[in-house]
file data37.txt (compact mmCIF, C-alpha atoms and all ligand atoms)
# COMPACT_ATOMS: atom_id res chain seq x y z
CA MET X 222 71.12 133.79 181.86
CA ALA X 223 74.60 133.74 183.31
CA ILE X 224 75.12 132.10 186.69
CA ASN X 225 78.11 132.31 188.91
CA ARG X 226 78.13 128.62 189.62
CA ALA X 227 79.10 125.24 188.21
CA PHE X 228 76.70 122.43 187.44
CA ILE X 229 78.03 118.89 187.54
CA PHE X 230 76.27 116.00 185.84
CA LEU X 231 77.20 112.66 187.37
CA GLY X 232 75.85 109.31 186.25
CA PRO X 233 77.05 106.17 184.52
CA PRO X 234 77.75 106.05 180.80
CA GLY X 235 74.36 105.72 179.10
CA ALA X 236 72.42 107.71 181.70
CA GLY X 237 71.76 110.39 179.09
CA LYS X 238 74.27 112.87 180.53
CA GLY X 239 75.38 114.19 177.14
CA THR X 240 71.88 114.80 175.81
CA GLN X 241 70.63 116.37 179.03
CA ALA X 242 73.78 118.41 179.59
CA LYS X 243 73.50 119.94 176.10
CA ARG X 244 69.84 120.84 176.66
CA ILE X 245 70.31 122.33 180.11
CA ALA X 246 73.45 124.26 179.18
CA LYS X 247 71.67 125.76 176.19
CA LEU X 248 68.62 126.70 178.23
CA SER X 249 70.57 128.28 181.02
CA GLY X 250 73.16 129.92 178.76
CA VAL X 251 76.34 128.41 180.17
CA PRO X 252 79.04 126.53 178.25
CA HIS X 253 78.73 122.75 178.15
CA LEU X 254 82.08 121.21 179.10
CA SER X 255 82.27 117.54 178.20
CA THR X 256 85.72 116.10 178.81
CA GLY X 257 84.76 113.12 176.61
CA ASP X 258 83.86 115.45 173.70
CA MET X 259 87.07 117.46 174.19
CA MET X 260 89.16 114.29 174.05
CA ARG X 261 87.28 112.85 171.06
CA ASP X 262 87.92 116.15 169.31
CA ALA X 263 91.66 115.90 170.12
CA VAL X 264 91.68 112.31 168.80
CA SER X 265 89.97 113.25 165.54
CA ARG X 266 92.34 116.21 165.02
CA GLY X 267 95.35 113.98 165.71
CA THR X 268 96.85 116.31 168.35
CA ASP X 269 99.53 115.18 170.84
CA LEU X 270 96.85 114.86 173.52
CA GLY X 271 94.68 112.88 171.10
CA LYS X 272 97.48 110.41 170.42
CA VAL X 273 97.87 109.75 174.15
CA VAL X 274 94.20 109.50 175.11
CA GLY X 275 92.89 107.70 171.98
CA PRO X 276 94.04 104.18 172.94
CA ILE X 277 92.94 104.66 176.58
CA MET X 278 89.45 105.70 175.50
CA GLN X 279 89.34 102.83 173.03
CA ARG X 280 89.81 100.41 175.92
CA GLY X 281 87.12 102.10 178.04
CA GLU X 282 89.65 103.06 180.73
CA LEU X 283 90.01 106.42 182.45
CA VAL X 284 92.51 109.01 181.28
CA SER X 285 94.95 110.18 184.01
CA ASP X 286 93.77 112.82 186.46
CA GLU X 287 96.78 114.96 185.57
CA LEU X 288 95.87 115.20 181.87
CA VAL X 289 92.20 115.77 182.59
CA MET X 290 92.86 118.51 185.16
CA LYS X 291 95.23 120.30 182.78
CA MET X 292 92.60 120.24 180.05
CA ILE X 293 89.89 121.52 182.40
CA GLU X 294 92.08 124.29 183.82
CA GLU X 295 92.86 125.56 180.34
CA ARG X 296 89.21 125.46 179.34
CA LEU X 297 88.02 127.20 182.52
CA ALA X 298 90.49 130.03 181.95
CA GLN X 299 88.54 131.03 178.84
CA PRO X 300 86.24 134.03 179.27
CA ASP X 301 83.00 132.20 178.43
CA CYS X 302 83.35 130.23 181.68
CA ALA X 303 83.64 133.31 183.90
CA ALA X 304 79.99 133.21 184.99
CA GLY X 305 79.52 129.46 185.20
CA CYS X 306 79.56 126.24 183.26
CA LEU X 307 78.11 122.78 183.13
CA PHE X 308 80.41 119.77 183.47
CA ASP X 309 79.47 116.55 181.74
CA GLY X 310 81.63 113.48 182.43
CA PHE X 311 83.84 115.42 184.83
CA PRO X 312 84.88 114.96 187.61
CA ARG X 313 85.18 111.19 187.39
CA THR X 314 87.52 110.46 190.31
CA LEU X 315 87.98 111.78 193.83
CA PRO X 316 91.23 113.64 192.98
CA GLN X 317 89.42 115.33 190.06
CA ALA X 318 86.55 116.36 192.37
CA GLU X 319 88.99 117.76 194.95
CA GLY X 320 90.94 119.55 192.21
CA LEU X 321 87.74 121.07 190.88
CA ASP X 322 86.71 122.27 194.36
CA ARG X 323 90.02 124.15 194.60
CA ILE X 324 89.58 125.73 191.17
CA LEU X 325 85.98 126.77 191.89
CA ASP X 326 87.07 128.27 195.20
CA SER X 327 89.82 130.24 193.54
CA LYS X 328 87.35 131.59 190.97
CA GLY X 329 84.99 132.67 193.74
CA PHE X 330 82.23 130.33 192.62
CA GLY X 331 79.60 129.10 195.05
CA LYS X 332 79.22 125.42 195.83
CA PRO X 333 78.50 123.43 192.68
CA VAL X 334 75.05 122.01 191.98
CA VAL X 335 75.50 118.29 191.42
CA VAL X 336 72.96 115.99 189.81
CA ASP X 337 73.29 112.24 189.74
CA LEU X 338 71.41 110.66 186.84
CA SER X 339 70.56 107.23 188.12
CA VAL X 340 69.59 104.31 185.84
CA GLY X 341 69.57 100.50 186.13
CA GLU X 342 72.24 98.50 184.28
CA GLU X 343 69.95 96.81 181.72
CA LYS X 344 68.68 100.15 180.48
CA LEU X 345 72.23 101.52 180.33
CA LEU X 346 73.36 98.71 178.07
CA ARG X 347 70.42 99.29 175.72
CA ARG X 348 71.09 103.00 175.58
CA LEU X 349 74.83 102.63 174.98
CA THR X 350 74.82 99.89 172.37
CA GLY X 351 71.87 101.58 170.57
CA ARG X 352 73.40 105.06 170.60
CA ARG X 353 74.25 106.74 167.31
CA THR X 354 75.65 110.27 166.91
CA CYS X 355 75.38 112.62 163.93
CA SER X 356 78.84 113.03 162.40
CA VAL X 357 77.95 116.63 161.43
CA GLY X 358 75.95 118.30 164.25
CA GLY X 359 76.47 115.84 167.12
CA GLU X 360 72.72 115.12 167.58
CA ILE X 361 72.25 111.90 169.56
CA TYR X 362 69.80 109.12 168.56
CA ASN X 363 69.04 105.62 169.79
CA VAL X 364 68.21 102.88 167.31
CA TYR X 365 65.82 101.28 169.83
CA ASP X 366 64.24 104.19 171.67
CA ALA X 367 64.79 107.36 169.62
CA PRO X 368 65.53 106.35 166.02
CA PRO X 369 65.98 108.87 163.20
CA LYS X 370 63.25 109.08 160.52
CA VAL X 371 65.61 107.53 157.97
CA ASP X 372 67.93 104.77 159.13
CA GLY X 373 71.51 106.04 159.61
CA ILE X 374 70.73 109.67 158.68
CA CYS X 375 70.33 112.69 160.98
CA ASP X 376 66.84 114.28 160.89
CA ASN X 377 68.30 117.77 161.40
CA ASP X 378 71.09 118.07 158.85
CA GLY X 379 71.22 114.82 156.86
CA GLY X 380 74.58 113.91 158.46
CA LYS X 381 75.66 110.28 158.64
CA LEU X 382 74.99 108.65 162.02
CA VAL X 383 77.96 106.85 163.52
CA GLN X 384 78.49 104.58 166.51
CA ARG X 385 81.14 105.65 169.02
CA ALA X 386 84.10 103.28 168.98
CA ASP X 387 83.67 102.75 172.74
CA ASP X 388 79.95 101.89 172.56
CA THR X 389 80.54 98.24 171.66
CA ALA X 390 79.38 95.65 174.25
CA GLU X 391 82.92 94.71 175.34
CA VAL X 392 84.14 98.30 175.90
CA VAL X 393 80.84 99.28 177.50
CA ARG X 394 81.46 96.67 180.21
CA GLN X 395 84.85 98.23 180.91
CA ARG X 396 83.39 101.71 181.06
CA LEU X 397 80.68 100.64 183.50
CA ALA X 398 83.29 98.93 185.67
CA ALA X 399 85.42 102.10 185.67
CA TYR X 400 82.33 104.08 186.67
CA ASP X 401 81.51 101.76 189.59
CA ARG X 402 85.09 101.77 190.83
CA ALA X 403 86.18 105.39 190.41
CA THR X 404 83.14 107.62 189.91
CA LYS X 405 80.33 106.18 192.02
CA PRO X 406 82.08 107.20 195.28
CA LEU X 407 81.70 110.83 194.15
CA THR X 408 77.97 110.71 194.88
CA GLU X 409 78.86 110.19 198.54
CA TYR X 410 81.47 112.97 198.37
CA TYR X 411 78.89 115.46 197.11
CA ARG X 412 76.11 114.12 199.32
CA ARG X 413 78.25 114.91 202.36
CA GLN X 414 78.66 118.46 201.07
CA GLY X 415 74.87 118.72 200.83
CA VAL X 416 74.91 119.58 197.10
CA LEU X 417 73.71 116.30 195.54
CA HIS X 418 70.39 115.91 193.71
CA VAL X 419 69.45 112.43 192.53
CA VAL X 420 67.30 112.28 189.39
CA ASP X 421 65.65 109.11 188.08
CA ALA X 422 67.07 109.03 184.56
CA SER X 423 65.19 105.92 183.46
CA ALA X 424 62.23 108.19 182.66
CA SER X 425 61.82 109.72 179.16
CA MET X 426 64.36 112.31 178.02
CA ASP X 427 61.73 115.07 178.26
CA GLU X 428 60.70 114.10 181.79
CA VAL X 429 64.34 114.01 182.89
CA SER X 430 64.93 117.43 181.28
CA ARG X 431 61.96 118.83 183.19
CA ALA X 432 63.26 117.48 186.50
CA LEU X 433 66.71 118.90 185.78
CA GLY X 434 65.24 122.23 184.70
CA GLU X 435 63.49 122.53 188.07
CA ILE X 436 66.73 121.87 189.95
CA VAL X 437 68.61 124.43 187.88
CA LYS X 438 65.88 127.03 188.33
CA ARG X 439 65.86 126.53 192.08
CA ALA X 440 69.64 126.82 192.16
CA GLU X 441 69.44 130.07 190.22
CA GLY X 442 66.81 131.27 192.66
CA ARG X 443 64.20 132.18 190.10
CA ASN X 444 60.78 131.09 188.92
CA GLY X 445 59.27 130.66 185.50
CA HIS X 446 60.63 128.73 182.59
CA LEU X 447 64.29 128.39 181.84
P1 LIG K 501 82.40 110.11 177.93
O1 LIG K 501 82.14 110.71 176.60
O2 LIG K 501 82.17 111.06 179.06
O3 LIG K 501 81.67 108.79 178.13
O4 LIG K 501 83.98 109.75 177.98
C1 LIG K 501 84.55 108.85 177.06
C2 LIG K 501 85.91 108.40 177.55
O5 LIG K 501 86.77 109.52 177.70
C3 LIG K 501 85.92 107.71 178.90
O6 LIG K 501 85.62 106.32 178.80
C4 LIG K 501 87.36 107.95 179.34
O7 LIG K 501 88.26 107.11 178.64
C5 LIG K 501 87.61 109.37 178.84
N1 LIG K 501 87.21 110.41 179.83
C6 LIG K 501 86.26 111.36 179.68
N2 LIG K 501 86.19 112.16 180.74
C7 LIG K 501 87.10 111.71 181.63
C8 LIG K 501 87.49 112.10 182.93
N3 LIG K 501 86.90 113.15 183.55
N4 LIG K 501 88.48 111.40 183.53
C9 LIG K 501 89.10 110.35 182.93
N5 LIG K 501 88.76 109.91 181.70
C10 LIG K 501 87.77 110.59 181.04
call {"tool": "encode", "arguments": {"input": "data37.txt", "output": "structure tokens"}}
result
Amino acid sequence: MAINRAFIFLGPPGAGKGTQAKRIAKLSGVPHLSTGDMMRDAVSRGTDLGKVVGPIMQRGELVSDELVMKMIEERLAQPDCAAGCLFDGFPRTLPQAEGLDRILDSKGFGKPVVVDLSVGEEKLLRRLTGRRTCSVGGEIYNVYDAPPKVDGICDNDGGKLVQRADDTAEVVRQRLAAYDRATKPLTEYYRRQGVLHVVDASASMDEVSRALGEIVKRAEGRNGHL
């Protein structure tokens, strides 16, 4: 069902944002906008943007606000975003959050619904270093907690499972540091606006999905299943 509103998934790398964002976007029928996925796509296609952001991502640092905002503005101008969308991995800095507020205002959207997926650091490290992604359909596994039936192969389509270049222990530390420095303050920003929902994301994926589903349903002002 279309909704005239944006959902924002905050949370450190490894909180399960990608998995949950895909599920919730599918259930509520809005496009899933992951700035990380968009940039990985640009890198793998070898575009000009990809050439610039590739090395930055490789180091676990943040891409400039200017480039990110340009990418988001172009994406939001597409007709499938007219009734709403779900942001995953965006905004990641205060200027991005302020920029997004202006865009949402100009599109006549209501206040965004923001969820913060909160998880302790030990669990994050396990999730990130154990994460594998299907090179064909993008399905996400974890070698410790959610392994595929056959090692290295996707259950759904037989695609090869690959580790993201930035999921190595060294780069993960950088990414967590960037999160603490630049993104964590956003929870306060949205809390002050009265739009923040904190969800304990150390629970199982299905439990977290249920909690998120409830928040989305309430935001859409309806009962029953999504
Ligand atoms: P993600 O897939 O969301 O973990 O993002 C992977 C990498 O892409 C990050 O470590 C950053 O280098 C870059 N990135 C993704 N989204 C943003 C953003 N909103 N602002 C700055 N850099 C980003």
call {"tool": "residues_near_ligand", "arguments": {"input": "data37.txt", "ligand": "ligand LIG 501 (chain K)", "cutoff": "9 Å", "atoms": "only C-alpha atoms and all ligand atoms", "output": "ChimeraX atom specification"}}
result
/X:233-235,238-239,255-261,274-286,288-290,293,309-314,317,387,392-393,395-397,399-400
call {"tool": "residues_around", "arguments": {"input": "data37.txt", "residues": "Glu287 in chain X", "least_positions_apart": "4", "cutoff": "10 Å", "atoms": "only C-alpha atoms", "output": "PyMOL selection string"}}
result
chain X and resi 291-292+316-317+320
call {"tool": "closest_residue", "arguments": {"input": "data37.txt", "among": "X:Ala386, X:Val336, X:Ile245, X:Ala227", "to": "Tyr411 in chain X", "atoms": "all atoms listed in the file"}}
result
X:Val336
call {"tool": "closest_residue", "arguments": {"input": "data37.txt", "among": "X:Asp262, X:Leu346, X:Glu391, X:Asp322", "to": "Gly359 in chain X", "atoms": "all atoms listed in the file"}}
result
X:Asp262
call {"tool": "atom_distance", "arguments": {"input": "data37.txt", "atom1": "CA of Leu338 in chain X", "atom2": "CA of Val416 in chain X"}}
result
14.0 Å
call {"tool": "closest_residue", "arguments": {"input": "data37.txt", "among": "X:Lys328, X:Arg353, X:Lys344, X:Lys272", "to": "Ala424 in chain X", "atoms": "all atoms listed in the file"}}
result
X:Lys344
call {"tool": "closest_residue", "arguments": {"input": "data37.txt", "among": "X:Ile374, X:Tyr365, X:Ala242, X:Ser356", "to": "Ser265 in chain X", "atoms": "all atoms listed in the file"}}
result
X:Ser356
call {"tool": "atom_distance", "arguments": {"input": "data37.txt", "atom1": "CA of Val383 in chain X", "atom2": "CA of Thr354 in chain X"}}
result
5.3 Å
call {"tool": "residues_around", "arguments": {"input": "data37.txt", "residues": "Gly415 in chain X", "least_positions_apart": "6", "cutoff": "12 Å", "atoms": "only C-alpha atoms", "output": "PyMOL selection string"}}
result
chain X and resi 332-336+408-409
call {"tool": "atom_distance", "arguments": {"input": "data37.txt", "atom1": "CA of Gly331 in chain X", "atom2": "CA of His418 in chain X"}}
result
16.1 Å
call {"tool": "residues_near_point", "arguments": {"input": "data37.txt", "point": "(64.2, 102.1, 169.5)", "cutoff": "10 Å", "atoms": "only C-alpha atoms", "output": "list in words"}}
result
Arg347, Arg348, Gly351, Arg352, Tyr362, Asn363, Val364, Tyr365, Asp366, Ala367, Pro368 and Pro369 of chain X
call {"tool": "closest_residue", "arguments": {"input": "data37.txt", "among": "X:Ala422, X:Ile361, X:Leu417, X:Cys355", "to": "Leu382 in chain X", "atoms": "all atoms listed in the file"}}
result
X:Cys355
call {"tool": "closest_residue", "arguments": {"input": "data37.txt", "among": "X:Leu321, X:Leu307, X:Leu315, X:Ala390", "to": "Thr350 in chain X", "atoms": "all atoms listed in the file"}}
result
X:Ala390
call {"tool": "axis_aligned_box", "arguments": {"input": "data37.txt", "around": "range 386-395 of chain X", "padding_each_side": "6 Å", "output": "AutoDock Vina command-line options"}}
result
--center_x 82.1 --center_y 99.0 --center_z 174.9 --size_x 17.5 --size_y 20.6 --size_z 23.9
call {"tool": "build_atoms", "arguments": {"input": "data37.txt", "residues": "range 292-325 of chain X", "atoms": "N, CA and C atoms", "output": "compact mmCIF listing (two decimals), in the coordinates of the input"}}
result
# COMPACT_ATOMS: atom_id res chain seq x y z
N MET X 292 93.56 119.88 181.09
CA MET X 292 92.60 120.24 180.05
C MET X 292 91.50 121.14 180.61
N ILE X 293 90.99 120.77 181.78
CA ILE X 293 89.89 121.52 182.40
C ILE X 293 90.38 122.91 182.83
N GLU X 294 91.58 122.98 183.40
CA GLU X 294 92.08 124.29 183.82
C GLU X 294 92.22 125.25 182.65
N GLU X 295 92.72 124.71 181.53
CA GLU X 295 92.86 125.56 180.34
C GLU X 295 91.49 126.03 179.84
N ARG X 296 90.55 125.12 179.85
CA ARG X 296 89.21 125.46 179.34
C ARG X 296 88.53 126.49 180.25
N LEU X 297 88.69 126.29 181.58
CA LEU X 297 88.02 127.20 182.52
C LEU X 297 88.63 128.59 182.51
N ALA X 298 89.85 128.71 182.01
CA ALA X 298 90.49 130.03 181.95
C ALA X 298 89.90 130.88 180.83
N GLN X 299 89.11 130.26 179.95
CA GLN X 299 88.54 131.03 178.84
C GLN X 299 87.37 131.88 179.33
N PRO X 300 87.20 133.06 178.72
CA PRO X 300 86.24 134.03 179.27
C PRO X 300 84.80 133.52 179.30
N ASP X 301 84.41 132.62 178.43
CA ASP X 301 83.00 132.20 178.43
C ASP X 301 82.63 131.42 179.69
N CYS X 302 83.64 130.98 180.46
CA CYS X 302 83.35 130.23 181.68
C CYS X 302 83.30 131.12 182.92
N ALA X 303 83.50 132.42 182.73
CA ALA X 303 83.64 133.31 183.90
C ALA X 303 82.40 133.27 184.79
N ALA X 304 81.22 133.13 184.18
CA ALA X 304 79.99 133.21 184.99
C ALA X 304 79.42 131.85 185.35
N GLY X 305 80.02 130.79 184.88
CA GLY X 305 79.52 129.46 185.20
C GLY X 305 79.70 128.50 184.05
N CYS X 306 79.46 127.24 184.31
CA CYS X 306 79.56 126.24 183.26
C CYS X 306 78.89 124.94 183.73
N LEU X 307 78.73 124.05 182.79
CA LEU X 307 78.11 122.78 183.13
C LEU X 307 79.06 121.65 182.74
N PHE X 308 79.47 120.86 183.72
CA PHE X 308 80.41 119.77 183.47
C PHE X 308 79.66 118.47 183.18
N ASP X 309 80.10 117.81 182.14
CA ASP X 309 79.47 116.55 181.74
C ASP X 309 80.59 115.51 181.61
N GLY X 310 80.58 114.51 182.48
CA GLY X 310 81.63 113.48 182.43
C GLY X 310 82.87 113.88 183.21
N PHE X 311 82.77 114.91 183.98
CA PHE X 311 83.84 115.42 184.83
C PHE X 311 83.21 116.02 186.07
N PRO X 312 83.74 115.82 187.27
CA PRO X 312 84.88 114.96 187.61
C PRO X 312 84.46 113.48 187.61
N ARG X 313 85.45 112.62 187.45
CA ARG X 313 85.18 111.19 187.39
C ARG X 313 85.93 110.41 188.46
N THR X 314 86.79 111.11 189.21
CA THR X 314 87.52 110.46 190.31
C THR X 314 87.56 111.45 191.48
N LEU X 315 87.89 110.92 192.65
CA LEU X 315 87.98 111.78 193.83
C LEU X 315 89.03 112.89 193.66
N PRO X 316 90.25 112.55 193.19
CA PRO X 316 91.23 113.64 192.98
C PRO X 316 90.72 114.72 192.01
N GLN X 317 89.97 114.32 190.98
CA GLN X 317 89.42 115.33 190.06
C GLN X 317 88.40 116.21 190.79
N ALA X 318 87.57 115.59 191.65
CA ALA X 318 86.55 116.36 192.37
C ALA X 318 87.23 117.34 193.33
N GLU X 319 88.30 116.88 194.01
CA GLU X 319 88.99 117.76 194.95
C GLU X 319 89.70 118.89 194.19
N GLY X 320 90.27 118.54 193.05
CA GLY X 320 90.94 119.55 192.21
C GLY X 320 89.94 120.59 191.74
N LEU X 321 88.75 120.14 191.34
CA LEU X 321 87.74 121.07 190.88
C LEU X 321 87.28 121.98 192.01
N ASP X 322 87.10 121.43 193.21
CA ASP X 322 86.71 122.27 194.36
C ASP X 322 87.71 123.42 194.54
N ARG X 323 88.99 123.10 194.42
CA ARG X 323 90.02 124.15 194.60
C ARG X 323 89.90 125.21 193.51
N ILE X 324 89.69 124.76 192.28
CA ILE X 324 89.58 125.73 191.17
C ILE X 324 88.35 126.62 191.37
N LEU X 325 87.22 125.99 191.73
CA LEU X 325 85.98 126.77 191.89
C LEU X 325 86.12 127.79 193.01
